[in-house]
Amino acid sequence: MSGLAKLGHLIAAQDWAGAEAVLRHEAAREDAPAPIFYDLAKVLEAAGQPGEVADWLTRAIARDPGYAVAWFDLGRVRLATRQPEEARAAFAKALALDPQNADAARQLMRLALRLGHWEEASNAAHRLGAEPEALATRYRAACELGHVKEADHLRNALLHDPANRATAFEALRRVARTDAPTNPSGLGENGAQDG
């Protein structure tokens, strides 16, 4: 059985050293495709050898810039190595390449929120629909951006469902601790009543 032919068996048996040897041999080929680099990164990660994982993911992306799953995994690695801006950028690229990737949207939403990228957090949250965490993120972003009517609508949507109340109260608490231009009086711009 040739190297690549037995790769599946090696991975199924969790023979990480054997799989690594096969993949390193294949990766040395000048015409090695992006999935070889990606698979090597995943095998190294599974073997508990994180040191080269980002390098191999980066090589996979260099070979195929449209490789969404490699971008997502690079985001995970950057997040684990405390590089939040780099992780955010990788998740954004993964989501741009695969707009249906809810995991990429969720990770991007969380990082963008944490880093104060309000529009990006809100846009990623929109992709997650009515998930409580997504509604809370959209609410917080609307407050930070001064979108009073949208914030009121989202706050009411969160509070309407008893199952969302814990998430809603956490979002309300976080907004209350910021200098966000919220408008608890219900007055709109120039003092006009929001309608």
# chains A, B, ... in the order shown; residues from 1 in each chain; ligands from 1
call {"tool": "residues_around", "arguments": {"residues": "stretch 124-137 of chain A", "least_positions_apart": "4", "cutoff": "10 Å", "atoms": "only C-alpha atoms", "output": "PyMOL selection string"}}
result
chain A and resi 92+95+99-110+112-113+118-120+141-143+151+154-155+157-158+161+163-172
call {"tool": "write_last_selection", "arguments": {"atoms": "C-alpha atoms", "output": "PDB file, in the first residue's frame"}}
result
ATOM      1  CA  ALA A  92     -13.510  36.935   8.782  1.00  0.00           C
ATOM      2  CA  LEU A  95     -16.737  33.498   6.727  1.00  0.00           C
ATOM      3  CA  PRO A  99     -20.993  32.494   4.283  1.00  0.00           C
ATOM      4  CA  GLN A 100     -22.955  29.517   5.681  1.00  0.00           C
ATOM      5  CA  ASN A 101     -20.237  28.642   8.224  1.00  0.00           C
ATOM      6  CA  ALA A 102     -22.020  29.333  11.515  1.00  0.00           C
ATOM      7  CA  ASP A 103     -18.915  28.443  13.541  1.00  0.00           C
ATOM      8  CA  ALA A 104     -16.868  31.084  11.704  1.00  0.00           C
ATOM      9  CA  ALA A 105     -19.679  33.621  12.183  1.00  0.00           C
ATOM     10  CA  ARG A 106     -19.868  32.829  15.893  1.00  0.00           C
ATOM     11  CA  GLN A 107     -16.109  33.075  16.442  1.00  0.00           C
ATOM     12  CA  LEU A 108     -15.905  36.299  14.431  1.00  0.00           C
ATOM     13  CA  MET A 109     -18.868  37.753  16.317  1.00  0.00           C
ATOM     14  CA  ARG A 110     -17.275  36.999  19.697  1.00  0.00           C
ATOM     15  CA  ALA A 112     -15.135  41.446  17.045  1.00  0.00           C
ATOM     16  CA  LEU A 113     -17.315  42.181  20.074  1.00  0.00           C
ATOM     17  CA  TRP A 118     -19.057  46.823  16.627  1.00  0.00           C
ATOM     18  CA  GLU A 119     -20.206  46.787  12.991  1.00  0.00           C
ATOM     19  CA  GLU A 120     -18.294  43.588  12.280  1.00  0.00           C
ATOM     20  CA  ALA A 141     -23.309  46.771  19.110  1.00  0.00           C
ATOM     21  CA  ALA A 142     -26.408  48.901  18.488  1.00  0.00           C
ATOM     22  CA  CYS A 143     -25.922  50.580  21.871  1.00  0.00           C
ATOM     23  CA  ALA A 151     -31.157  48.716  20.444  1.00  0.00           C
ATOM     24  CA  LEU A 154     -33.297  44.039  20.194  1.00  0.00           C
ATOM     25  CA  ARG A 155     -33.555  44.534  23.959  1.00  0.00           C
ATOM     26  CA  ALA A 157     -36.747  40.798  21.620  1.00  0.00           C
ATOM     27  CA  LEU A 158     -34.250  39.432  24.135  1.00  0.00           C
ATOM     28  CA  ASP A 161     -38.476  35.105  25.615  1.00  0.00           C
ATOM     29  CA  ALA A 163     -35.356  31.442  27.996  1.00  0.00           C
ATOM     30  CA  ASN A 164     -33.219  34.399  26.866  1.00  0.00           C
ATOM     31  CA  ARG A 165     -33.463  36.425  30.054  1.00  0.00           C
ATOM     32  CA  ALA A 166     -30.089  35.444  31.526  1.00  0.00           C
ATOM     33  CA  THR A 167     -28.388  36.385  28.258  1.00  0.00           C
ATOM     34  CA  ALA A 168     -30.449  39.585  28.080  1.00  0.00           C
ATOM     35  CA  PHE A 169     -29.572  40.640  31.619  1.00  0.00           C
ATOM     36  CA  GLU A 170     -25.878  39.990  30.984  1.00  0.00           C
ATOM     37  CA  ALA A 171     -26.014  42.156  27.844  1.00  0.00           C
ATOM     38  CA  LEU A 172     -27.880  44.894  29.729  1.00  0.00           C
TER      39      LEU A 172
END
call {"tool": "closest_atom_pairs", "arguments": {"of": "stretch 74-175 of chain A", "to": "stretch 48-59 of chain A", "cutoff": "9 Å", "atoms": "only C-alpha atoms", "output": "CSV"}}
result
residue,atom,partner,partner_atom,distance
A:Leu74,CA,A:Leu57,CA,6.2
A:Val77,CA,A:Ala54,CA,6.5
A:Arg78,CA,A:Ala54,CA,7.8
call {"tool": "write_last_selection", "arguments": {"atoms": "C-alpha atoms", "output": "PDB file, in the first residue's frame"}}
result
ATOM      1  CA  LEU A  74      -5.831  29.238  11.450  1.00  0.00           C
ATOM      2  CA  VAL A  77      -4.791  28.488  16.328  1.00  0.00           C
ATOM      3  CA  ARG A  78      -4.313  32.262  16.494  1.00  0.00           C
TER       4      ARG A  78
END
call {"tool": "residues_around", "arguments": {"residues": "A:Asp39", "least_positions_apart": "6", "cutoff": "10 Å", "atoms": "only C-alpha atoms", "output": "JSON, numbers by chain"}}
result
{"A": [19, 20, 23, 24, 27, 45, 53, 56, 57, 60, 70]}
call {"tool": "atom_distance", "arguments": {"atom1": "atom CA of A:Thr81", "atom2": "atom CA of A:Ala41"}}
result
15.2 Å
call {"tool": "atom_distance", "arguments": {"atom1": "atom CA of A:Val22", "atom2": "atom CA of A:Gly3"}}
result
5.5 Å
call {"tool": "closest_residue", "arguments": {"among": "A:Glu30, A:Val43, A:Ile36, A:Arg114", "to": "A:Trp16", "atoms": "only C-alpha atoms"}}
result
A:Val43
call {"tool": "atom_distance", "arguments": {"atom1": "atom CA of A:Ala47", "atom2": "atom CA of A:Glu26"}}
result
18.2 Å
call {"tool": "select_by_dssp", "arguments": {"residues": "chain A", "states": "alpha helix (DSSP H)", "output": "MDAnalysis selection string"}}
result
chainID A and resid 3:12 16:27 34:46 53:63 68:80 84:97 102:115 118:126 132:145 148:160 165:176
